[in-house]
There are 2 protein chains.
Amino acid sequence: MTTTSRRQFLKTTGGVTLGMLAVSGMGSLLSSCSTEEKAAAIEVPWPYDKVDPELAAERAYERYYQGGCMYGGFEGVVGELKASVGAPYTAFPSVMMKYGGGGVAGWGSLCGALNGAAAAISLTSDPAVRNKIISELYAWYSMEALPTYKPKSPKFDSIQTSVAGSQLCHVSVTKWSNATGIATGDPQRAERCAWLTASVAKYTAELLNQQMDGTFALVHPVPAEVQSCLSCHGPEASVGNVHIKSQSDCIACHATVETDHPVP
Amino acid sequence: MTTTSRRQFLKTTGGVTLGMLAVSGMGSLLSSCSTEEKAAAIEVPWPYDKVDPELAAERAYERYYQGGCMYGGFEGVVGELKASVGAPYTAFPSVMMKYGGGGVAGWGSLCGALNGAAAAISLTSDPAVRNKIISELYAWYSMEALPTYKPKSPKFDSIQTSVAGSQLCHVSVTKWSNATGIATGDPQRAERCAWLTASVAKYTAELLNQQMDGTFALVHPVPAEVQSCLSCHGPEASVGNVHIKSQSDCIACHATVETDHPVP
């Protein structure tokens, strides 16, 4: 209902009875969001309340099988907030996050669990700390042996771990497939990604809870080797051809650097 | 108008009966979205109306400088829909998309313009066609010389183009930096990414408009060379270690394949 029509409504119904209000358009009045509710909802951060990391993981695992890794990574945290905080989360179209599955529409780019988790962090965090929380999550993802979380009702009893060395879907999955000898079309690979999505949602909830407690700290900083690369290739450096602020590993993709890099 | 001032408004303009309504709880009803409005907004697609591609490009360019490439790629299209369609777009927290700048928080992964555009496509498209539209956009991005759009009030009069051969921020920017000799910390690189974000928003609007007209078609399909790679490495194939459905180029990253790949 527009402002004009609401004013008109008030003008024409003021002083009449509740029964008449119902007949004369109260239904449509009740069906519109208030202006201030909209104004509040378009700003971030939205109110955060601590999320149980295990519940986030379980929800992420379930959502993975309903709509892929980005949907799972996002809903693991945001679905819990829909249940605990309510509005404005309850009005958010989480299903839109299904686009990020398989590194966005199967293109193998950014791991969807990481994309969805970053979106959830962005929705719930002060913009001044958002990138720090995302950076800790992204560094952890690429350096640790994952998945770390086993769901309560898994489809397989065990899933082998691997270290991705990257935030990319294609690299992460291929490293796991090469380590296990299991094809990416196998249901065990989907289960691995479901456990991984659960692991990402769990760590995201832990980081957001730490931030709320004032105990958040980077425990996976940019490694010295990467800093060494960026000291020449970073945005302001002498070569200056790399537009990256944080990274966990350059050699993972630039393996030949170890033998063919010119001596500085 | 705050809840308090609305109650005051109702009390002072509605006479005794509206005053009684306010007391009996109408104030709180008015301040919350209706159940059916929430239910409609959490499903996709949201109603789409044709977006002028040039206006999307101009808005994306402006938003890039306000919040980075993902914010620009998303708002280029969604900001236009906020203006033309209104609700539910007007209640969407577009600022959350600022997380995707520089390939998410400066990690150089997925190009933020592509991440934001895919999110906008997901919000406005039938899930059955979403991935096809994203795939055309992603293939176009990696194969064409970009940027293709020059804003009306640019910060630089000309920006050199380059072919990314990838959907990744790091690859896309480094290809451009190597081609131009301009460091990634230079304002011209930011301007290049702003033009690129505008170009992505423009093509996204064109694709969504085509979809609405029933004229959408893939004009950048998966190349034969990539299909050849996936015929062994794809999810269901003999090697089966790649979890990718669409890609524009494998050699861009796997350059040594041309010399060291075993003869099949």
# chains A, B, ... in the order shown; residues from 1 in each chain; ligands from 1
$ closest_atom_pairs --of "chain A" --to "chain B" --cutoff "6 Å" --atoms "only C-alpha atoms" --output "tab-separated table"
residue	atom	partner	partner_atom	distance
A:Gly14	CA	B:Gly14	CA	4.2
A:Gly15	CA	B:Gly15	CA	5.1
A:Ser31	CA	B:Ser34	CA	4.7
A:Ser32	CA	B:Cys33	CA	5.8
A:Cys33	CA	B:Cys33	CA	4.2
A:Ser34	CA	B:Ser31	CA	5.3
A:Lys38	CA	B:Ala91	CA	5.0
A:Ile42	CA	B:Pro93	CA	3.8
A:Glu43	CA	B:Pro93	CA	5.9
A:Ala91	CA	B:Lys38	CA	4.9
A:Phe92	CA	B:Ile42	CA	5.5
A:Pro93	CA	B:Ile42	CA	3.8
A:Met96	CA	B:Ser122	CA	5.3
A:Tyr99	CA	B:Ser122	CA	6.0
A:Ala105	CA	B:Asn131	CA	5.2
A:Gly106	CA	B:Lys245	CA	5.0
A:Trp107	CA	B:Ser246	CA	5.2
A:Gly108	CA	B:Ile244	CA	5.4
A:Leu110	CA	B:Leu110	CA	5.6
A:Ser122	CA	B:Met96	CA	5.3
A:Leu123	CA	B:Met96	CA	5.4
A:Asn131	CA	B:Ala105	CA	5.2
A:Thr174	CA	B:Asn241	CA	5.3
A:Ser177	CA	B:Asn241	CA	5.4
A:Ala183	CA	B:Gly240	CA	4.6
A:Thr184	CA	B:Pro235	CA	4.7
A:Gly185	CA	B:Pro235	CA	4.2
A:Pro235	CA	B:Gly185	CA	4.2
A:Glu236	CA	B:Gly185	CA	5.2
A:Gly240	CA	B:Ala183	CA	4.6
A:Asn241	CA	B:Thr174	CA	5.3
A:Val242	CA	B:Thr174	CA	5.6
A:His243	CA	B:Thr184	CA	5.5
A:Ile244	CA	B:Gly106	CA	5.3
A:Lys245	CA	B:Gly106	CA	5.0
A:Ser246	CA	B:Trp107	CA	5.2
A:Gln247	CA	B:Trp107	CA	5.8
$ calpha_fit_and_write --fixed "chain B" --moving "chain A" --output "mmCIF file with C-alpha atoms, in the first residue's frame"
data_model
loop_
_atom_site.group_PDB
_atom_site.id
_atom_site.type_symbol
_atom_site.label_atom_id
_atom_site.label_comp_id
_atom_site.auth_asym_id
_atom_site.auth_seq_id
_atom_site.Cartn_x
_atom_site.Cartn_y
_atom_site.Cartn_z
ATOM 1 C CA MET A 1 4.721 -4.819 15.554
ATOM 2 C CA THR A 2 3.796 -8.389 16.449
ATOM 3 C CA THR A 3 0.518 -9.996 15.485
ATOM 4 C CA THR A 4 -0.539 -9.889 19.107
ATOM 5 C CA SER A 5 0.173 -6.211 19.514
ATOM 6 C CA ARG A 6 -1.537 -5.384 16.226
ATOM 7 C CA ARG A 7 -4.632 -7.269 17.366
ATOM 8 C CA GLN A 8 -4.431 -5.494 20.694
ATOM 9 C CA PHE A 9 -4.140 -2.189 18.867
ATOM 10 C CA LEU A 10 -7.179 -2.901 16.737
ATOM 11 C CA LYS A 11 -9.105 -4.044 19.783
ATOM 12 C CA THR A 12 -8.330 -0.967 21.802
ATOM 13 C CA THR A 13 -8.738 1.574 19.030
ATOM 14 C CA GLY A 14 -11.730 0.238 17.109
ATOM 15 C CA GLY A 15 -14.492 2.784 16.965
ATOM 16 C CA VAL A 16 -12.407 5.749 18.006
ATOM 17 C CA THR A 17 -11.418 8.736 15.891
ATOM 18 C CA LEU A 18 -8.446 9.187 13.575
ATOM 19 C CA GLY A 19 -6.937 11.736 15.944
ATOM 20 C CA MET A 20 -6.994 9.231 18.779
ATOM 21 C CA LEU A 21 -5.502 6.592 16.511
ATOM 22 C CA ALA A 22 -2.527 8.807 15.821
ATOM 23 C CA VAL A 23 -1.997 9.358 19.547
ATOM 24 C CA SER A 24 -2.515 5.770 20.563
ATOM 25 C CA GLY A 25 0.062 4.102 18.354
ATOM 26 C CA MET A 26 -0.734 4.401 14.679
ATOM 27 C CA GLY A 27 2.842 5.495 14.136
ATOM 28 C CA SER A 28 4.172 2.135 15.254
ATOM 29 C CA LEU A 29 1.520 0.264 13.297
ATOM 30 C CA LEU A 30 2.570 2.027 10.139
ATOM 31 C CA SER A 31 6.208 1.224 10.804
ATOM 32 C CA SER A 32 5.885 -2.533 10.329
ATOM 33 C CA CYS A 33 5.920 -4.503 7.100
ATOM 34 C CA SER A 34 2.877 -6.625 6.469
ATOM 35 C CA THR A 35 3.226 -10.372 6.838
ATOM 36 C CA GLU A 36 2.305 -11.060 3.239
ATOM 37 C CA GLU A 37 4.758 -8.459 1.979
ATOM 38 C CA LYS A 38 7.529 -10.240 3.879
ATOM 39 C CA ALA A 39 6.380 -13.636 2.640
ATOM 40 C CA ALA A 40 6.375 -12.445 -0.966
ATOM 41 C CA ALA A 41 9.791 -10.827 -0.650
ATOM 42 C CA ILE A 42 11.595 -13.931 0.616
ATOM 43 C CA GLU A 43 10.752 -15.894 -2.525
ATOM 44 C CA VAL A 44 12.346 -15.410 -5.944
ATOM 45 C CA PRO A 45 12.030 -14.324 -8.674
ATOM 46 C CA TRP A 46 11.138 -10.763 -7.825
ATOM 47 C CA PRO A 47 9.109 -8.942 -10.479
ATOM 48 C CA TYR A 48 11.314 -7.979 -13.406
ATOM 49 C CA ASP A 49 10.748 -5.088 -15.741
ATOM 50 C CA LYS A 50 13.028 -4.446 -18.694
ATOM 51 C CA VAL A 51 16.182 -2.572 -17.792
ATOM 52 C CA ASP A 52 17.825 -0.216 -20.272
ATOM 53 C CA PRO A 53 21.259 -1.860 -20.760
ATOM 54 C CA GLU A 54 23.007 1.472 -21.175
ATOM 55 C CA LEU A 55 21.499 2.868 -17.977
ATOM 56 C CA ALA A 56 22.557 -0.312 -16.171
ATOM 57 C CA ALA A 57 26.089 0.166 -17.483
ATOM 58 C CA GLU A 58 26.245 3.813 -16.434
ATOM 59 C CA ARG A 59 24.907 2.994 -12.975
ATOM 60 C CA ALA A 60 27.375 0.108 -12.599
ATOM 61 C CA TYR A 61 30.261 2.382 -13.546
ATOM 62 C CA GLU A 62 29.236 4.948 -10.939
ATOM 63 C CA ARG A 63 28.653 2.326 -8.231
ATOM 64 C CA TYR A 64 32.048 0.722 -8.910
ATOM 65 C CA TYR A 65 33.750 3.844 -7.617
ATOM 66 C CA GLN A 66 31.408 3.913 -4.602
ATOM 67 C CA GLY A 67 31.794 0.316 -3.502
ATOM 68 C CA GLY A 68 33.723 -1.892 -5.899
ATOM 69 C CA CYS A 69 32.995 -4.341 -8.672
ATOM 70 C CA MET A 70 30.448 -6.641 -7.004
ATOM 71 C CA TYR A 71 28.420 -3.679 -5.778
ATOM 72 C CA GLY A 72 28.563 -2.227 -9.287
ATOM 73 C CA GLY A 73 27.666 -5.483 -11.018
ATOM 74 C CA PHE A 74 24.681 -5.969 -8.717
ATOM 75 C CA GLU A 75 23.419 -2.394 -8.520
ATOM 76 C CA GLY A 76 23.767 -1.813 -12.260
ATOM 77 C CA VAL A 77 20.679 -3.971 -12.714
ATOM 78 C CA VAL A 78 19.040 -3.885 -9.267
ATOM 79 C CA GLY A 79 19.443 -0.129 -8.851
ATOM 80 C CA GLU A 80 17.524 0.348 -12.098
ATOM 81 C CA LEU A 81 14.782 -1.959 -10.776
ATOM 82 C CA LYS A 82 14.672 0.020 -7.517
ATOM 83 C CA ALA A 83 13.932 3.066 -9.662
ATOM 84 C CA SER A 84 11.427 1.432 -12.039
ATOM 85 C CA VAL A 85 9.722 -1.369 -10.060
ATOM 86 C CA GLY A 86 10.195 -0.014 -6.516
ATOM 87 C CA ALA A 87 9.326 -2.487 -3.743
ATOM 88 C CA PRO A 88 10.574 -5.052 -2.869
ATOM 89 C CA TYR A 89 13.869 -3.915 -4.483
ATOM 90 C CA THR A 90 13.889 -0.610 -2.592
ATOM 91 C CA ALA A 91 14.195 -2.483 0.727
ATOM 92 C CA PHE A 92 17.152 -4.642 -0.390
ATOM 93 C CA PRO A 93 20.513 -3.869 1.295
ATOM 94 C CA SER A 94 22.596 -3.663 -1.881
ATOM 95 C CA VAL A 95 25.554 -2.301 0.088
ATOM 96 C CA MET A 96 26.115 -5.818 1.444
ATOM 97 C CA MET A 97 27.496 -6.662 -2.014
ATOM 98 C CA LYS A 98 30.588 -4.584 -1.322
ATOM 99 C CA TYR A 99 32.179 -7.736 0.116
ATOM 100 C CA GLY A 100 32.931 -9.066 -3.364
ATOM 101 C CA GLY A 101 35.404 -6.388 -4.452
ATOM 102 C CA GLY A 102 38.740 -7.640 -5.808
ATOM 103 C CA GLY A 103 37.513 -11.239 -5.939
ATOM 104 C CA VAL A 104 36.040 -11.035 -2.389
ATOM 105 C CA ALA A 105 37.865 -8.835 0.101
ATOM 106 C CA GLY A 106 40.890 -8.606 -2.198
ATOM 107 C CA TRP A 107 41.469 -12.376 -2.434
ATOM 108 C CA GLY A 108 41.387 -12.390 -6.233
ATOM 109 C CA SER A 109 38.852 -15.211 -6.547
ATOM 110 C CA LEU A 110 35.621 -14.766 -8.561
ATOM 111 C CA CYS A 111 35.433 -11.436 -10.451
ATOM 112 C CA GLY A 112 33.148 -9.285 -8.324
ATOM 113 C CA ALA A 113 31.257 -7.922 -11.311
ATOM 114 C CA LEU A 114 30.329 -11.522 -12.183
ATOM 115 C CA ASN A 115 29.455 -12.344 -8.579
ATOM 116 C CA GLY A 116 27.170 -9.327 -8.283
ATOM 117 C CA ALA A 117 25.585 -9.906 -11.687
ATOM 118 C CA ALA A 118 24.871 -13.548 -10.783
ATOM 119 C CA ALA A 119 23.234 -12.397 -7.541
ATOM 120 C CA ALA A 120 21.072 -9.953 -9.524
ATOM 121 C CA ILE A 121 20.158 -12.684 -12.025
ATOM 122 C CA SER A 122 19.244 -14.998 -9.152
ATOM 123 C CA LEU A 123 17.001 -12.374 -7.565
ATOM 124 C CA THR A 124 15.140 -11.667 -10.800
ATOM 125 C CA SER A 125 15.004 -15.029 -12.600
ATOM 126 C CA ASP A 126 13.045 -18.229 -12.382
ATOM 127 C CA PRO A 127 15.365 -20.718 -10.634
ATOM 128 C CA ALA A 128 14.900 -23.070 -13.611
ATOM 129 C CA VAL A 129 16.627 -20.660 -16.021
ATOM 130 C CA ARG A 130 18.959 -18.827 -13.599
ATOM 131 C CA ASN A 131 21.992 -20.998 -14.249
ATOM 132 C CA LYS A 132 21.568 -20.815 -18.035
ATOM 133 C CA ILE A 133 21.647 -17.018 -17.958
ATOM 134 C CA ILE A 134 24.618 -16.998 -15.593
ATOM 135 C CA SER A 135 26.416 -19.517 -17.800
ATOM 136 C CA GLU A 136 26.004 -17.383 -20.912
ATOM 137 C CA LEU A 137 27.317 -14.359 -19.001
ATOM 138 C CA TYR A 138 30.293 -16.257 -17.571
ATOM 139 C CA ALA A 139 31.251 -17.788 -20.915
ATOM 140 C CA TRP A 140 30.943 -14.410 -22.674
ATOM 141 C CA TYR A 141 33.122 -12.794 -19.976
ATOM 142 C CA SER A 142 35.960 -15.239 -20.383
ATOM 143 C CA MET A 143 35.914 -15.446 -24.199
ATOM 144 C CA GLU A 144 35.365 -11.861 -25.328
ATOM 145 C CA ALA A 145 37.811 -8.946 -25.447
ATOM 146 C CA LEU A 146 36.685 -6.745 -22.554
ATOM 147 C CA PRO A 147 35.726 -4.117 -21.584
ATOM 148 C CA THR A 148 33.163 -3.529 -24.336
ATOM 149 C CA TYR A 149 31.456 -0.491 -22.782
ATOM 150 C CA LYS A 150 32.885 3.022 -22.567
ATOM 151 C CA PRO A 151 31.078 5.171 -19.986
ATOM 152 C CA LYS A 152 29.782 8.591 -21.008
ATOM 153 C CA SER A 153 32.016 10.466 -18.565
ATOM 154 C CA PRO A 154 35.111 8.276 -18.222
ATOM 155 C CA LYS A 155 38.214 9.107 -16.206
ATOM 156 C CA PHE A 156 40.409 7.953 -19.131
ATOM 157 C CA ASP A 157 39.564 8.366 -22.790
ATOM 158 C CA SER A 158 40.541 4.843 -23.810
ATOM 159 C CA ILE A 159 41.171 1.531 -22.092
ATOM 160 C CA GLN A 160 42.886 -1.386 -23.795
ATOM 161 C CA THR A 161 40.937 -4.641 -23.939
ATOM 162 C CA SER A 162 42.076 -8.174 -23.064
ATOM 163 C CA VAL A 163 40.618 -11.683 -23.034
ATOM 164 C CA ALA A 164 40.421 -13.100 -19.486
ATOM 165 C CA GLY A 165 40.034 -16.795 -20.355
ATOM 166 C CA SER A 166 38.650 -17.171 -16.840
ATOM 167 C CA GLN A 167 36.002 -15.875 -14.403
ATOM 168 C CA LEU A 168 38.609 -15.155 -11.750
ATOM 169 C CA CYS A 169 39.595 -11.637 -10.699
ATOM 170 C CA HIS A 170 43.289 -12.490 -10.366
ATOM 171 C CA VAL A 171 43.523 -14.082 -13.818
ATOM 172 C CA SER A 172 41.391 -11.425 -15.505
ATOM 173 C CA VAL A 173 43.379 -8.514 -14.067
ATOM 174 C CA THR A 174 46.809 -10.107 -14.544
ATOM 175 C CA LYS A 175 46.039 -10.913 -18.202
ATOM 176 C CA TRP A 176 45.139 -7.245 -18.707
ATOM 177 C CA SER A 177 48.169 -6.004 -16.771
ATOM 178 C CA ASN A 178 50.531 -8.254 -18.729
ATOM 179 C CA ALA A 179 48.928 -7.181 -22.032
ATOM 180 C CA THR A 180 49.158 -3.469 -21.267
ATOM 181 C CA GLY A 181 52.233 -3.285 -19.054
ATOM 182 C CA ILE A 182 50.197 -1.234 -16.589
ATOM 183 C CA ALA A 183 50.542 -2.115 -12.892
ATOM 184 C CA THR A 184 47.425 -3.210 -11.054
ATOM 185 C CA GLY A 185 47.869 -0.351 -8.562
ATOM 186 C CA ASP A 186 47.556 2.210 -11.384
ATOM 187 C CA PRO A 187 44.310 4.246 -11.637
ATOM 188 C CA GLN A 188 43.953 2.947 -15.223
ATOM 189 C CA ARG A 189 43.525 -0.579 -13.850
ATOM 190 C CA ALA A 190 40.691 0.617 -11.609
ATOM 191 C CA GLU A 191 39.166 2.376 -14.618
ATOM 192 C CA ARG A 192 39.489 -0.837 -16.652
ATOM 193 C CA CYS A 193 37.624 -2.730 -13.905
ATOM 194 C CA ALA A 194 34.993 0.028 -13.769
ATOM 195 C CA TRP A 195 34.428 -0.227 -17.549
ATOM 196 C CA LEU A 196 34.405 -4.015 -17.192
ATOM 197 C CA THR A 197 31.779 -3.817 -14.439
ATOM 198 C CA ALA A 198 29.703 -1.558 -16.689
ATOM 199 C CA SER A 199 30.113 -4.044 -19.563
ATOM 200 C CA VAL A 200 28.990 -6.940 -17.342
ATOM 201 C CA ALA A 201 25.935 -5.024 -16.098
ATOM 202 C CA LYS A 202 25.011 -4.098 -19.685
ATOM 203 C CA TYR A 203 25.202 -7.684 -20.925
ATOM 204 C CA THR A 204 23.325 -8.916 -17.850
ATOM 205 C CA ALA A 205 20.472 -6.486 -18.576
ATOM 206 C CA GLU A 206 20.449 -7.612 -22.219
ATOM 207 C CA LEU A 207 20.232 -11.275 -21.190
ATOM 208 C CA LEU A 208 17.446 -10.641 -18.658
ATOM 209 C CA ASN A 209 15.525 -8.628 -21.260
ATOM 210 C CA GLN A 210 15.949 -11.460 -23.774
ATOM 211 C CA GLN A 211 14.677 -13.909 -21.178
ATOM 212 C CA MET A 212 11.604 -11.718 -20.649
ATOM 213 C CA ASP A 213 11.033 -11.601 -24.426
ATOM 214 C CA GLY A 214 11.496 -15.342 -24.800
ATOM 215 C CA THR A 215 14.477 -14.813 -27.104
ATOM 216 C CA PHE A 216 17.276 -15.861 -24.740
ATOM 217 C CA ALA A 217 19.711 -18.421 -26.149
ATOM 218 C CA LEU A 218 23.190 -19.627 -25.198
ATOM 219 C CA VAL A 219 25.553 -18.118 -27.762
ATOM 220 C CA HIS A 220 28.734 -19.073 -25.881
ATOM 221 C CA PRO A 221 28.270 -22.806 -25.189
ATOM 222 C CA VAL A 222 30.805 -25.059 -23.474
ATOM 223 C CA PRO A 223 33.610 -25.441 -26.054
ATOM 224 C CA ALA A 224 34.398 -28.854 -27.572
ATOM 225 C CA GLU A 225 37.890 -28.783 -25.985
ATOM 226 C CA VAL A 226 36.395 -28.418 -22.504
ATOM 227 C CA GLN A 227 33.828 -31.105 -23.225
ATOM 228 C CA SER A 228 36.704 -33.353 -24.255
ATOM 229 C CA CYS A 229 38.452 -32.779 -20.890
ATOM 230 C CA LEU A 230 35.212 -33.362 -18.974
ATOM 231 C CA SER A 231 34.526 -36.573 -20.905
ATOM 232 C CA CYS A 232 37.175 -38.176 -18.647
ATOM 233 C CA HIS A 233 37.456 -35.741 -15.713
ATOM 234 C CA GLY A 234 33.783 -34.765 -15.274
ATOM 235 C CA PRO A 235 31.748 -35.879 -12.233
ATOM 236 C CA GLU A 236 30.405 -39.128 -13.710
ATOM 237 C CA ALA A 237 33.362 -39.980 -15.983
ATOM 238 C CA SER A 238 36.219 -42.480 -15.651
ATOM 239 C CA VAL A 239 38.679 -40.207 -13.827
ATOM 240 C CA GLY A 240 35.847 -38.179 -12.301
ATOM 241 C CA ASN A 241 37.935 -35.721 -10.316
ATOM 242 C CA VAL A 242 36.437 -32.454 -11.584
ATOM 243 C CA HIS A 243 33.224 -30.983 -10.132
ATOM 244 C CA ILE A 244 32.391 -28.608 -12.988
ATOM 245 C CA LYS A 245 29.341 -28.433 -15.260
ATOM 246 C CA SER A 246 30.379 -25.483 -17.404
ATOM 247 C CA GLN A 247 33.714 -23.944 -18.249
ATOM 248 C CA SER A 248 35.144 -21.902 -21.083
ATOM 249 C CA ASP A 249 38.761 -23.008 -21.010
ATOM 250 C CA CYS A 250 40.818 -25.633 -19.155
ATOM 251 C CA ILE A 251 44.180 -24.877 -20.802
ATOM 252 C CA ALA A 252 44.219 -21.330 -19.376
ATOM 253 C CA CYS A 253 45.238 -22.814 -16.015
ATOM 254 C CA HIS A 254 46.361 -26.308 -17.075
ATOM 255 C CA ALA A 255 48.826 -25.179 -19.729
ATOM 256 C CA THR A 256 51.183 -28.138 -19.253
ATOM 257 C CA VAL A 257 48.410 -30.529 -20.265
ATOM 258 C CA GLU A 258 49.353 -29.871 -23.876
ATOM 259 C CA THR A 259 52.764 -31.477 -23.360
ATOM 260 C CA ASP A 260 52.581 -33.729 -20.300
ATOM 261 C CA HIS A 261 49.102 -35.265 -20.452
ATOM 262 C CA PRO A 262 49.242 -39.070 -20.762
ATOM 263 C CA VAL A 263 47.915 -40.382 -24.070
ATOM 264 C CA PRO A 264 44.376 -41.612 -23.291
#
$ select_by_dssp --residues "segment 158-206 of chain A" --states "alpha helix (DSSP H)" --output "ChimeraX atom specification"
/A:169-180,187-206
